file protein.txt (compact mmCIF, C-alpha atoms)
# COMPACT_ATOMS: atom_id res chain seq x y z
CA MET A 649 -151.41 -105.45 63.90
CA GLU A 650 -148.78 -106.93 66.20
CA LEU A 651 -146.13 -105.49 63.91
CA LEU A 652 -147.36 -101.98 64.63
CA SER A 653 -147.34 -102.23 68.44
CA PHE A 654 -145.21 -99.83 70.46
CA GLY A 655 -142.19 -101.09 72.36
CA ASP A 656 -139.45 -103.56 71.54
CA THR A 657 -141.52 -106.02 69.54
CA GLY A 658 -143.39 -103.72 67.21
CA TRP A 659 -142.55 -100.97 64.77
CA GLY A 660 -145.22 -98.54 65.99
CA ASP A 661 -142.95 -96.20 67.92
CA GLU A 662 -140.26 -96.26 65.22
CA LEU A 663 -142.79 -95.33 62.58
CA PHE A 664 -144.26 -92.65 64.84
CA PHE A 665 -140.89 -90.95 65.28
CA ALA A 666 -140.19 -91.40 61.57
CA THR A 667 -143.42 -89.52 60.84
CA LEU A 668 -142.31 -86.71 63.14
CA MET A 669 -139.00 -86.65 61.26
CA THR A 670 -140.82 -86.33 57.94
CA ILE A 671 -142.84 -83.42 59.30
CA ALA A 672 -139.70 -81.77 60.70
CA VAL A 673 -137.79 -82.10 57.43
CA SER A 674 -140.76 -80.80 55.43
CA ILE A 675 -141.15 -77.74 57.64
CA ALA A 676 -137.40 -77.05 57.59
CA ALA A 677 -137.34 -77.45 53.80
CA MET A 678 -140.35 -75.19 53.36
CA ALA A 679 -138.72 -72.51 55.56
CA ILE A 680 -135.44 -72.72 53.63
CA GLY A 681 -137.51 -72.54 50.44
CA PHE A 682 -139.13 -69.32 51.67
CA ILE A 683 -135.70 -67.77 52.23
CA PHE A 684 -134.67 -68.71 48.70
CA ALA A 685 -137.98 -67.44 47.33
CA LEU A 686 -137.64 -64.10 49.11
CA ILE A 687 -134.17 -63.70 47.58
CA PHE A 688 -135.06 -64.80 44.06
CA THR A 689 -138.54 -63.28 43.62
CA PRO A 690 -137.21 -59.69 43.56
CA LEU A 691 -134.49 -60.84 41.13
CA LYS A 692 -137.07 -62.34 38.78
CA LEU A 693 -139.18 -59.19 38.93
CA SER A 694 -136.28 -56.76 38.64
CA LYS A 695 -135.84 -54.65 35.51
CA ASN A 696 -132.10 -55.23 35.52
CA LYS A 697 -131.35 -57.85 32.83
CA THR A 698 -128.49 -59.62 34.63
CA LEU A 699 -130.44 -60.02 37.87
CA ASN A 700 -133.41 -61.21 35.88
CA VAL A 701 -131.36 -63.91 34.13
CA ILE A 702 -129.95 -65.09 37.48
CA GLY A 703 -133.47 -65.43 38.89
CA SER A 704 -134.77 -67.23 35.80
CA CYS A 705 -131.79 -69.60 35.74
CA TYR A 706 -132.50 -70.69 39.31
CA THR A 707 -136.17 -71.51 38.74
CA THR A 708 -135.66 -73.04 35.28
CA ILE A 709 -132.75 -75.28 36.23
CA ILE A 710 -134.19 -76.49 39.52
CA ARG A 711 -137.59 -77.20 38.02
CA GLY A 712 -136.01 -78.91 35.01
CA VAL A 713 -133.76 -81.48 36.70
CA PRO A 714 -134.91 -84.42 38.87
CA GLU A 715 -135.17 -83.86 42.61
CA LEU A 716 -133.00 -86.91 43.18
CA LEU A 717 -130.18 -85.23 41.24
CA VAL A 718 -130.18 -82.18 43.52
CA ILE A 719 -130.12 -84.44 46.57
CA TYR A 720 -127.22 -86.56 45.27
CA LEU A 721 -125.30 -83.50 44.20
CA LEU A 722 -125.56 -81.95 47.65
CA PHE A 723 -125.01 -85.23 49.49
CA PHE A 724 -121.96 -86.49 47.59
CA GLY A 725 -120.74 -83.12 46.41
CA GLY A 726 -121.27 -81.51 49.81
CA THR A 727 -119.15 -84.12 51.56
CA GLY A 728 -116.37 -83.67 49.02
CA ALA A 729 -116.50 -79.89 49.28
CA ALA A 730 -116.48 -79.98 53.09
CA MET A 731 -113.50 -82.35 53.10
CA TYR A 732 -111.66 -80.11 50.64
CA VAL A 733 -112.24 -77.05 52.82
CA ALA A 734 -111.17 -79.01 55.90
CA SER A 735 -107.99 -80.21 54.16
CA ILE A 736 -106.97 -76.58 53.63
CA PHE A 737 -107.10 -76.16 57.38
CA GLY A 738 -105.06 -79.31 57.86
CA TYR A 739 -107.74 -81.90 58.68
CA ASP A 740 -107.56 -85.00 56.50
CA GLY A 741 -110.16 -87.29 58.05
CA TYR A 742 -113.53 -88.23 56.65
CA ILE A 743 -116.32 -85.76 57.26
CA GLU A 744 -119.93 -86.75 56.99
CA ILE A 745 -122.43 -83.94 56.73
CA ASN A 746 -125.60 -84.45 58.71
CA ALA A 747 -128.28 -86.09 56.54
CA PHE A 748 -131.00 -83.88 58.00
CA ILE A 749 -129.20 -80.67 57.02
CA THR A 750 -128.32 -81.82 53.48
CA GLY A 751 -131.80 -83.22 52.97
CA ALA A 752 -133.61 -80.13 54.21
CA LEU A 753 -131.30 -77.91 52.17
CA ALA A 754 -131.79 -79.95 48.97
CA ILE A 755 -135.58 -80.11 49.27
CA GLY A 756 -135.53 -76.45 50.37
CA ILE A 757 -133.74 -75.40 47.18
CA ILE A 758 -136.35 -77.29 45.15
CA SER A 759 -139.38 -75.94 47.02
CA GLY A 760 -137.81 -72.46 46.86
CA ALA A 761 -137.96 -72.57 43.07
CA TYR A 762 -141.68 -73.38 43.19
CA SER A 763 -142.34 -70.76 45.89
CA THR A 764 -140.52 -68.14 43.81
CA GLU A 765 -142.91 -68.75 40.94
CA VAL A 766 -145.89 -68.55 43.30
CA PHE A 767 -144.76 -65.26 44.86
CA ARG A 768 -143.96 -63.79 41.46
CA GLY A 769 -147.42 -64.64 40.20
CA ALA A 770 -149.01 -63.16 43.33
CA ILE A 771 -147.11 -59.87 43.09
CA LEU A 772 -147.89 -59.57 39.38
CA SER A 773 -151.59 -60.01 40.11
CA ILE A 774 -151.64 -57.10 42.59
CA ASP A 775 -153.24 -54.09 40.97
CA LYS A 776 -150.66 -51.68 39.55
CA GLY A 777 -152.65 -48.72 40.85
CA GLN A 778 -151.63 -49.64 44.40
CA PHE A 779 -147.93 -49.26 43.61
CA GLU A 780 -148.63 -45.94 41.94
CA ALA A 781 -150.93 -44.71 44.72
CA SER A 782 -148.38 -45.46 47.44
CA LYS A 783 -145.68 -43.76 45.36
CA VAL A 784 -147.86 -40.66 44.98
CA LEU A 785 -148.46 -40.60 48.72
CA GLY A 786 -144.71 -40.56 49.24
CA ILE A 787 -144.52 -43.92 51.02
CA LYS A 788 -140.98 -45.26 51.20
CA LYS A 789 -140.17 -48.35 49.12
CA TYR A 790 -139.58 -50.77 52.00
CA ILE A 791 -142.68 -49.62 53.87
CA GLN A 792 -144.64 -50.05 50.65
CA PHE A 793 -143.34 -53.61 50.47
CA TYR A 794 -143.93 -54.57 54.12
CA LYS A 795 -147.25 -52.84 54.68
CA ILE A 796 -148.96 -53.01 51.30
CA ILE A 797 -147.45 -55.63 49.01
CA LEU A 798 -146.42 -58.38 51.46
CA PRO A 799 -149.81 -58.85 53.19
CA GLN A 800 -151.62 -59.07 49.88
CA MET A 801 -148.96 -61.28 48.36
CA LEU A 802 -149.23 -63.78 51.22
CA ARG A 803 -153.01 -63.90 51.00
CA LEU A 804 -152.96 -64.40 47.23
CA SER A 805 -150.32 -67.12 47.40
CA ILE A 806 -151.88 -69.36 50.08
CA PRO A 807 -153.75 -71.65 47.64
CA ASN A 808 -150.67 -72.17 45.46
CA LEU A 809 -148.37 -72.49 48.45
CA SER A 810 -150.51 -75.36 49.65
CA ASN A 811 -149.60 -77.15 46.42
CA VAL A 812 -145.93 -76.40 47.03
CA TRP A 813 -146.28 -77.81 50.55
CA GLN A 814 -147.79 -81.04 49.20
CA ILE A 815 -144.95 -81.36 46.67
CA THR A 816 -142.37 -80.69 49.40
CA LEU A 817 -143.96 -83.23 51.73
CA LYS A 818 -143.82 -85.90 49.05
CA ASP A 819 -140.30 -84.95 47.98
CA THR A 820 -138.96 -85.60 51.48
CA SER A 821 -139.44 -89.32 50.79
CA LEU A 822 -136.47 -89.00 48.42
CA ILE A 823 -134.14 -88.04 51.27
CA SER A 824 -134.41 -91.66 52.43
CA VAL A 825 -131.76 -92.56 49.83
CA THR A 826 -129.22 -90.62 51.89
CA GLY A 827 -130.02 -92.57 55.05
CA LEU A 828 -132.11 -90.10 57.03
CA VAL A 829 -134.64 -92.17 59.00
CA GLU A 830 -138.00 -90.73 57.95
CA ILE A 831 -141.18 -92.63 57.00
CA MET A 832 -139.74 -94.12 53.81
CA ARG A 833 -136.42 -95.19 55.30
CA GLN A 834 -138.07 -96.61 58.42
CA SER A 835 -140.50 -98.69 56.34
CA TYR A 836 -137.56 -99.88 54.25
CA ILE A 837 -135.75 -101.02 57.39
CA ALA A 838 -138.90 -102.61 58.84
CA ALA A 839 -139.72 -104.31 55.54
CA GLY A 840 -136.20 -105.67 55.36
CA SER A 841 -136.11 -107.14 58.83
CA THR A 842 -139.64 -108.57 58.90
CA ARG A 843 -139.71 -109.59 55.22
CA ASP A 844 -143.12 -108.05 54.85
CA PRO A 845 -142.63 -105.18 52.37
CA LEU A 846 -146.26 -105.11 51.23
CA PHE A 847 -147.50 -104.36 54.73
CA PHE A 848 -144.92 -101.74 55.64
CA TYR A 849 -145.05 -99.83 52.36
CA SER A 850 -148.84 -99.78 52.64
CA VAL A 851 -148.45 -98.31 56.12
CA ALA A 852 -146.06 -95.71 54.67
CA ALA A 853 -148.62 -94.85 51.98
CA VAL A 854 -151.34 -94.45 54.62
CA LEU A 855 -149.07 -92.24 56.75
CA TYR A 856 -148.36 -89.98 53.77
CA LEU A 857 -152.07 -89.84 52.89
CA MET A 858 -152.82 -88.86 56.48
CA LEU A 859 -150.22 -86.10 56.39
CA THR A 860 -151.49 -84.70 53.10
CA PHE A 861 -155.10 -84.93 54.27
CA LEU A 862 -154.46 -83.19 57.60
CA SER A 863 -152.35 -80.46 56.05
CA MET A 864 -155.08 -79.85 53.45
CA LYS A 865 -157.62 -79.33 56.25
CA LEU A 866 -155.28 -76.98 58.09
CA ILE A 867 -154.49 -74.93 55.00
CA ASN A 868 -158.19 -74.60 54.15
CA LYS A 869 -158.74 -73.11 57.59
CA LEU A 870 -155.88 -70.67 57.06
CA GLU A 871 -157.29 -69.72 53.71
CA ILE A 872 -160.68 -68.90 55.22
CA LYS A 873 -159.01 -66.93 58.01
CA TYR A 874 -156.89 -64.79 55.72
CA SER A 875 -159.54 -64.13 53.11
CA LYS A 876 -161.86 -62.54 55.67
CA GLY A 877 -163.03 -59.19 54.44
CA TYR A 878 -162.64 -60.07 50.77
CA MET B 482 -115.50 -85.60 31.13
CA ILE B 483 -115.78 -86.91 27.57
CA SER B 484 -115.25 -90.51 28.62
CA ILE B 485 -118.37 -90.56 30.81
CA PHE B 486 -120.58 -89.20 28.06
CA PRO B 487 -121.39 -92.45 26.15
CA SER B 488 -122.53 -94.27 29.29
CA LEU B 489 -124.72 -91.33 30.31
CA LEU B 490 -126.26 -91.20 26.83
CA SER B 491 -127.11 -94.91 26.94
CA GLY B 492 -128.77 -94.15 30.28
CA ALA B 493 -130.68 -91.28 28.70
CA ALA B 494 -132.05 -93.72 26.10
CA ILE B 495 -133.48 -95.88 28.92
CA THR B 496 -134.93 -92.75 30.57
CA LEU B 497 -136.68 -91.80 27.33
CA GLN B 498 -138.00 -95.35 26.89
CA LEU B 499 -139.43 -95.28 30.40
CA LEU B 500 -140.93 -91.84 29.79
CA VAL B 501 -142.56 -92.67 26.46
CA SER B 502 -144.06 -95.98 27.55
CA SER B 503 -145.36 -94.67 30.88
CA MET B 504 -146.83 -91.56 29.23
CA PHE B 505 -148.56 -93.81 26.67
CA PHE B 506 -150.15 -96.13 29.25
CA GLY B 507 -150.76 -93.19 31.58
CA LEU B 508 -152.74 -91.35 28.92
CA ILE B 509 -155.02 -94.36 28.41
CA ILE B 510 -155.50 -94.81 32.17
CA GLY B 511 -156.05 -91.08 32.61
CA LEU B 512 -158.67 -90.93 29.88
CA ILE B 513 -160.57 -93.89 31.33
CA PHE B 514 -160.56 -92.44 34.85
CA ALA B 515 -161.48 -88.95 33.63
CA ILE B 516 -164.56 -90.43 31.96
CA LEU B 517 -165.35 -92.34 35.18
CA ARG B 518 -164.91 -89.12 37.19
CA ILE B 519 -167.57 -87.25 35.16
CA ASN B 520 -169.93 -90.22 35.44
CA LYS B 521 -173.04 -89.40 37.45
CA ASN B 522 -173.12 -92.72 39.31
CA PRO B 523 -171.74 -91.90 42.79
CA ILE B 524 -170.02 -95.29 43.27
CA ILE B 525 -168.09 -95.13 39.99
CA ASN B 526 -167.39 -91.48 40.66
CA LYS B 527 -166.04 -92.13 44.17
CA PHE B 528 -163.91 -95.03 42.97
CA ALA B 529 -162.21 -92.84 40.35
CA TYR B 530 -161.75 -90.09 42.93
CA GLY B 531 -160.18 -92.53 45.39
CA TYR B 532 -157.75 -93.72 42.73
CA SER B 533 -156.56 -90.24 41.90
CA TYR B 534 -156.49 -89.24 45.59
CA PHE B 535 -154.24 -92.16 46.49
CA PHE B 536 -151.79 -91.69 43.66
CA ARG B 537 -151.59 -87.93 44.06
CA GLY B 538 -151.38 -88.03 47.85
CA THR B 539 -148.50 -90.47 48.25
CA PRO B 540 -144.92 -90.07 47.01
CA LEU B 541 -143.99 -91.82 43.78
CA LEU B 542 -141.24 -93.65 45.68
CA VAL B 543 -143.83 -95.34 47.94
CA GLN B 544 -145.82 -96.45 44.91
CA LEU B 545 -142.69 -97.78 43.23
CA TYR B 546 -141.64 -99.74 46.35
CA LEU B 547 -145.18 -101.06 46.85
CA ILE B 548 -145.20 -102.47 43.34
CA TYR B 549 -141.59 -103.64 43.17
CA TYR B 550 -141.17 -105.10 46.67
CA GLY B 551 -144.79 -105.34 47.79
CA LEU B 552 -146.43 -107.25 44.96
CA ALA B 553 -143.72 -109.89 45.04
CA ASN B 554 -144.89 -110.67 48.56
CA ILE B 555 -148.26 -111.97 47.42
CA GLU B 556 -148.06 -115.74 46.97
CA PHE B 557 -150.96 -115.79 44.57
CA LEU B 558 -149.32 -113.29 42.20
CA ARG B 559 -146.01 -115.09 42.38
CA ASN B 560 -147.58 -118.28 41.10
CA SER B 561 -149.59 -116.64 38.35
CA PHE B 562 -148.28 -115.58 34.96
CA PHE B 563 -148.08 -111.95 36.21
CA TRP B 564 -144.82 -112.96 37.85
CA VAL B 565 -143.09 -112.76 34.47
CA ILE B 566 -143.92 -109.06 34.44
CA ILE B 567 -143.56 -108.00 38.07
CA LYS B 568 -140.25 -109.75 38.65
CA GLU B 569 -138.61 -107.31 36.22
CA PRO B 570 -137.75 -103.92 37.76
CA TYR B 571 -138.19 -102.33 34.34
CA TRP B 572 -141.84 -103.35 34.09
CA CYS B 573 -142.50 -102.50 37.73
CA ALA B 574 -141.20 -99.00 37.06
CA ILE B 575 -143.43 -98.63 34.01
CA ILE B 576 -146.49 -99.86 35.97
CA ALA B 577 -145.81 -97.45 38.85
CA PHE B 578 -145.11 -94.48 36.59
CA SER B 579 -148.16 -95.17 34.39
CA LEU B 580 -150.50 -95.42 37.37
CA ASN B 581 -149.03 -92.24 38.85
CA THR B 582 -149.19 -90.15 35.70
CA GLY B 583 -152.61 -91.66 34.95
CA ALA B 584 -153.95 -90.14 38.16
CA TYR B 585 -152.63 -86.67 37.31
CA THR B 586 -153.76 -86.95 33.69
CA SER B 587 -157.28 -87.91 34.77
CA GLU B 588 -157.47 -84.73 36.88
CA ILE B 589 -156.21 -82.59 34.00
CA LEU B 590 -158.70 -84.10 31.55
CA ARG B 591 -161.57 -83.97 34.06
CA SER B 592 -161.14 -80.25 34.62
CA ALA B 593 -160.90 -79.78 30.85
CA PHE B 594 -164.16 -81.72 30.35
CA GLN B 595 -165.89 -79.67 33.01
CA THR B 596 -164.88 -76.32 31.57
CA ILE B 597 -166.43 -77.10 28.17
CA LYS B 598 -169.25 -74.65 27.64
CA LYS B 599 -172.65 -76.29 28.11
CA GLY B 600 -173.86 -74.45 24.99
CA TYR B 601 -171.77 -76.70 22.74
CA ILE B 602 -173.38 -79.84 24.09
CA GLU B 603 -176.87 -78.32 24.02
CA ALA B 604 -176.33 -77.14 20.44
CA ALA B 605 -175.27 -80.65 19.44
CA GLN B 606 -178.30 -82.11 21.19
CA SER B 607 -180.72 -79.75 19.49
CA LEU B 608 -179.16 -80.61 16.12
CA GLY B 609 -179.93 -84.26 16.86
CA VAL B 610 -176.29 -85.39 17.17
CA THR B 611 -176.08 -88.65 19.11
CA LYS B 612 -174.37 -88.75 22.51
CA LYS B 613 -171.53 -90.90 21.25
CA ILE B 614 -170.67 -88.57 18.39
CA THR B 615 -171.00 -85.53 20.67
CA PHE B 616 -168.40 -87.12 22.94
CA TYR B 617 -165.90 -88.19 20.27
CA ARG B 618 -166.30 -85.26 17.91
CA ILE B 619 -166.98 -82.32 20.24
CA GLN B 620 -166.10 -82.97 23.89
CA LEU B 621 -162.91 -85.00 23.43
CA PRO B 622 -161.14 -82.71 20.91
CA ILE B 623 -161.92 -79.60 22.98
CA ALA B 624 -160.78 -81.28 26.19
CA ILE B 625 -157.50 -82.38 24.60
CA LYS B 626 -156.83 -78.89 23.25
CA GLN B 627 -157.57 -77.28 26.58
CA SER B 628 -155.41 -79.61 28.60
CA LEU B 629 -152.28 -79.24 26.44
CA PRO B 630 -150.40 -76.74 28.68
CA ALA B 631 -151.10 -78.67 31.88
CA TYR B 632 -150.24 -81.94 30.15
CA GLY B 633 -146.92 -80.49 29.04
CA ASN B 634 -146.10 -79.80 32.68
CA GLU B 635 -147.09 -83.35 33.55
CA ILE B 636 -144.70 -84.79 30.95
CA ILE B 637 -141.83 -82.77 32.45
CA LEU B 638 -142.80 -83.87 35.99
CA MET B 639 -142.83 -87.48 34.79
CA LEU B 640 -139.41 -87.06 33.16
CA LYS B 641 -138.12 -86.04 36.57
CA GLY B 642 -140.04 -88.92 38.13
CA THR B 643 -138.34 -91.53 35.92
CA SER B 644 -135.10 -90.78 37.78
CA LEU B 645 -136.56 -92.81 40.67
CA ALA B 646 -136.17 -95.94 38.53
CA SER B 647 -132.50 -95.82 39.47
CA VAL B 648 -133.29 -96.82 43.07
CA ILE B 649 -134.73 -100.13 41.89
CA THR B 650 -131.55 -101.02 39.99
CA ILE B 651 -132.52 -99.72 36.54
CA MET B 652 -129.59 -98.08 34.77
CA ASP B 653 -131.34 -95.01 33.46
CA LEU B 654 -129.63 -91.61 33.20
CA MET B 655 -129.68 -91.19 36.97
CA GLY B 656 -128.42 -94.74 37.54
CA GLU B 657 -125.52 -94.21 35.13
CA ALA B 658 -124.65 -90.93 36.84
CA ARG B 659 -124.58 -92.71 40.19
CA LYS B 660 -122.34 -95.41 38.75
CA VAL B 661 -119.93 -92.82 37.34
CA ASN B 662 -119.87 -91.11 40.74
CA VAL B 663 -119.03 -94.37 42.51
CA LEU B 664 -116.35 -95.35 39.99
CA THR B 665 -114.60 -92.00 39.66
CA PHE B 666 -115.40 -90.20 42.94
CA LYS B 667 -116.24 -87.11 40.91
CA PRO B 668 -119.79 -86.26 42.00
CA PHE B 669 -119.85 -82.83 40.37
CA GLU B 670 -118.87 -84.07 36.91
CA ALA B 671 -121.25 -87.00 36.98
CA PHE B 672 -124.32 -85.27 38.33
CA ILE B 673 -123.90 -81.93 36.57
CA THR B 674 -123.45 -83.64 33.19
CA ALA B 675 -126.57 -85.72 33.89
CA GLY B 676 -128.36 -82.55 34.93
CA ILE B 677 -127.48 -80.87 31.63
CA ILE B 678 -128.85 -83.85 29.70
CA TYR B 679 -132.07 -83.74 31.76
CA LEU B 680 -132.38 -79.99 31.12
CA PHE B 681 -131.85 -80.58 27.41
CA ILE B 682 -134.68 -83.17 27.30
CA THR B 683 -136.94 -80.81 29.32
CA PHE B 684 -136.14 -78.02 26.87
CA ILE B 685 -137.11 -80.16 23.87
CA ILE B 686 -140.37 -81.34 25.45
CA HIS B 687 -141.21 -77.76 26.42
CA ASN B 688 -140.73 -76.56 22.85
CA ILE B 689 -142.72 -79.41 21.30
CA ILE B 690 -145.65 -78.61 23.59
CA LYS B 691 -145.33 -74.90 22.81
CA TYR B 692 -145.44 -75.70 19.09
CA LEU B 693 -148.49 -77.96 19.51
CA GLU B 694 -150.22 -75.28 21.58
CA LYS B 695 -149.64 -72.73 18.86
CA LYS B 696 -150.89 -75.09 16.18
CA TYR B 697 -153.89 -76.69 17.88
CA GLY B 698 -154.55 -74.70 21.05
CA PHE B 699 -157.12 -72.02 21.68
CA GLN B 700 -156.10 -68.43 21.21
CA THR B 701 -158.14 -67.07 24.07
call {"tool": "encode", "arguments": {"input": "protein.txt", "output": "structure tokens"}}
result
Amino acid sequence: MELLSFGDTGWGDELFFATLMTIAVSIAAMAIGFIFALIFTPLKLSKNKTLNVIGSCYTTIIRGVPELLVIYLLFFGGTGAAMYVASIFGYDGYIEINAFITGALAIGIISGAYSTEVFRGAILSIDKGQFEASKVLGIKKYIQFYKIILPQMLRLSIPNLSNVWQITLKDTSLISVTGLVEIMRQSYIAAGSTRDPLFFYSVAAVLYLMLTFLSMKLINKLEIKYSKGY
Amino acid sequence: MISIFPSLLSGAAITLQLLVSSMFFGLIIGLIFAILRINKNPIINKFAYGYSYFFRGTPLLVQLYLIYYGLANIEFLRNSFFWVIIKEPYWCAIIAFSLNTGAYTSEILRSAFQTIKKGYIEAAQSLGVTKKITFYRIQLPIAIKQSLPAYGNEIILMLKGTSLASVITIMDLMGEARKVNVLTFKPFEAFITAGIIYLFITFIIHNIIKYLEKKYGFQT
């Protein structure tokens, strides 16, 4: 227990901040994923063949390659690309892109692919009559989307989005390979300097279990709140 | 581009080995825990639930590190004959992956067992079929058929999971791609080629499962 105390001698405060970092990265990744999902869901549902293929390519490729690959590609490739762009402007030094931004972006792209599928399924399960009815009533397309489709879509997708959140939360552990100090990286450092990997990785496992458990409870509450009246 | 291909393919062979062996052990573990989950004894039931909760609630990377770095910390294990197994990263990876996929598989099979119509079991009972035969001849085949689509997804998730073996020094497809990146400083070539190979394997698995579903699955 001494190892977990706060202050200079223990790892308690380090692990606490690492947990906050994991939560921050997960939320950032989930938000970036939503942006991707809101761009690609209409593409996947569109009747235009080219747009459709673009949307399908995104979800198929991202869900078909390992998460680690996306992270490495962005981490190593992103640095190279940034240095190339900088060299055009006459800067030849080494540029390191912030690990938080690359990590959140990489996990965001992955969770976006899952969110896209969730939103697509939710929109498809909305009764067709509602689209037709709003069309008959002369409601404009964007108002139809914001006032009729979006609220229902969000309600229908909460249970599946909670799965996406769990996946995203667990995927953030992979960012540790790029050096961002979140739960996994911090336990790695602590395990290395105290030579007690069993203890620190068990603590990491417990921290992740706590996060998944608490978020489950929170999402269940949300689900009850938004399904009122149904 | 062409010169990096052989090394990536040799990595892909390791990836497939890891996948096949962990799916094999995972299926056995999953089947055992699914049967424990539908057991009416609350202690056995809770134990199986705890197992699947732990392995589904923590990242695979944590499990891998716990087994690879953590187990080596236990004096007792280091002196026993288990040390021959857990000192090898390859076997540690297979143990971690099998336990992880076993947890998911047990959930898939459990839900398949629970959705079997009660009428089938009652019909078997009234015909005087013994419990054992009801299980092996009626419940198990139906459960396997019903869980095919979800199991296909699990195989693909596990294929992606095997890439984590590269962080504990195994030269699988991901490990080879990392090596190529370090040697040539060409991250795009290395990782995109590896990505295409991963996609190709995913594509093949997807089609095999689709074929099996068509052949053995339910048309409902």
call {"tool": "interface_residues", "arguments": {"input": "protein.txt", "of": "chain B", "to": "chain A", "cutoff": "6 Å", "atoms": "all atoms listed in the file", "output": "ChimeraX atom specification"}}
result
/B:538-540,547,550-551,641,668,676,679-680
call {"tool": "atom_distance", "arguments": {"input": "protein.txt", "atom1": "CA of Ser607 in chain B", "atom2": "CA of Ile519 in chain B"}}
result
21.8 Å
call {"tool": "atom_distance", "arguments": {"input": "protein.txt", "atom1": "CA of Lys626 in chain B", "atom2": "CA of Tyr601 in chain B"}}
result
15.1 Å
call {"tool": "atom_distance", "arguments": {"input": "protein.txt", "atom1": "CA of Thr683 in chain B", "atom2": "CA of Ile636 in chain B"}}
result
8.9 Å
call {"tool": "axis_aligned_box", "arguments": {"input": "protein.txt", "around": "range 496-504 of chain B", "padding_each_side": "4 Å", "output": "JSON"}}
result
{"center_x": -140.9, "center_y": -93.8, "center_z": 28.7, "size_x": 19.9, "size_y": 12.4, "size_z": 12.4}
call {"tool": "residues_around", "arguments": {"input": "protein.txt", "residues": "Ile485 in chain B", "least_positions_apart": "6", "cutoff": "12 Å", "atoms": "all atoms listed in the file", "output": "list in words"}}
result
Ser491, Gly492, Leu654, Glu657, Ala658, Arg659, Lys660, Val661, Asn662, Leu664, Thr665, Lys667, Glu670, Ala671, Phe672, Ile673, Thr674 and Ala675 of chain B
call {"tool": "residues_near_point", "arguments": {"input": "protein.txt", "point": "(-151.0, -86.5, 33.4)", "cutoff": "10 Å", "atoms": "only C-alpha atoms", "output": "list in words"}}
result
Met504, Gly507, Leu508, Ile510, Gly511, Leu512, Ser579, Leu580, Asn581, Thr582, Gly583, Ala584, Tyr585, Thr586, Ser587, Glu588, Ile589, Leu590, Ser628, Ala631, Tyr632, Gly633, Asn634, Glu635, Ile636, Ile637, Leu638 and Met639 of chain B
call {"tool": "residues_around", "arguments": {"input": "protein.txt", "residues": "Thr689 in chain A", "least_positions_apart": "5", "cutoff": "12 Å", "atoms": "all atoms listed in the file", "output": "PDB file with C-alpha atoms, keeping the file's coordinate frame"}}
result
ATOM      1  CA  GLY A 681    -137.510 -72.540  50.440  1.00  0.00           C
ATOM      2  CA  PHE A 682    -139.130 -69.320  51.670  1.00  0.00           C
ATOM      3  CA  ILE A 683    -135.700 -67.770  52.230  1.00  0.00           C
ATOM      4  CA  PHE A 684    -134.670 -68.710  48.700  1.00  0.00           C
ATOM      5  CA  SER A 694    -136.280 -56.760  38.640  1.00  0.00           C
ATOM      6  CA  LEU A 699    -130.440 -60.020  37.870  1.00  0.00           C
ATOM      7  CA  ASN A 700    -133.410 -61.210  35.880  1.00  0.00           C
ATOM      8  CA  VAL A 701    -131.360 -63.910  34.130  1.00  0.00           C
ATOM      9  CA  ILE A 702    -129.950 -65.090  37.480  1.00  0.00           C
ATOM     10  CA  GLY A 703    -133.470 -65.430  38.890  1.00  0.00           C
ATOM     11  CA  SER A 704    -134.770 -67.230  35.800  1.00  0.00           C
ATOM     12  CA  TYR A 706    -132.500 -70.690  39.310  1.00  0.00           C
ATOM     13  CA  THR A 707    -136.170 -71.510  38.740  1.00  0.00           C
ATOM     14  CA  GLY A 760    -137.810 -72.460  46.860  1.00  0.00           C
ATOM     15  CA  ALA A 761    -137.960 -72.570  43.070  1.00  0.00           C
ATOM     16  CA  TYR A 762    -141.680 -73.380  43.190  1.00  0.00           C
ATOM     17  CA  SER A 763    -142.340 -70.760  45.890  1.00  0.00           C
ATOM     18  CA  THR A 764    -140.520 -68.140  43.810  1.00  0.00           C
ATOM     19  CA  GLU A 765    -142.910 -68.750  40.940  1.00  0.00           C
ATOM     20  CA  VAL A 766    -145.890 -68.550  43.300  1.00  0.00           C
ATOM     21  CA  PHE A 767    -144.760 -65.260  44.860  1.00  0.00           C
ATOM     22  CA  ARG A 768    -143.960 -63.790  41.460  1.00  0.00           C
ATOM     23  CA  GLY A 769    -147.420 -64.640  40.200  1.00  0.00           C
ATOM     24  CA  ALA A 770    -149.010 -63.160  43.330  1.00  0.00           C
ATOM     25  CA  ILE A 771    -147.110 -59.870  43.090  1.00  0.00           C
ATOM     26  CA  LEU A 772    -147.890 -59.570  39.380  1.00  0.00           C
ATOM     27  CA  MET A 801    -148.960 -61.280  48.360  1.00  0.00           C
TER      28      MET A 801
END
call {"tool": "residues_near_point", "arguments": {"input": "protein.txt", "point": "(-157.5, -65.1, 54.4)", "cutoff": "12 Å", "atoms": "all atoms listed in the file", "output": "ChimeraX atom specification"}}
result
/A:799-807,867-878
call {"tool": "residues_around", "arguments": {"input": "protein.txt", "residues": "range 618-623 of chain B", "least_positions_apart": "3", "cutoff": "8 Å", "atoms": "all atoms listed in the file", "output": "VMD selection string"}}
result
chain B and resid 593 to 594 597 601 to 602 614 to 615 626 to 627
call {"tool": "decode", "arguments": {"input": "protein.txt", "residues": "range 774-780 of chain A", "atoms": "C-alpha atoms", "output": "CSV table (one decimal), in the first residue's frame"}}
result
chain,number,residue,atom,x,y,z
A,774,ILE,CA,-36.5,5.0,-37.9
A,775,ASP,CA,-39.9,4.5,-39.5
A,776,LYS,CA,-39.9,5.5,-43.1
A,777,GLY,CA,-43.4,7.1,-42.7
A,778,GLN,CA,-41.8,9.8,-40.6
A,779,PHE,CA,-39.6,11.0,-43.5
A,780,GLU,CA,-42.6,10.9,-45.8
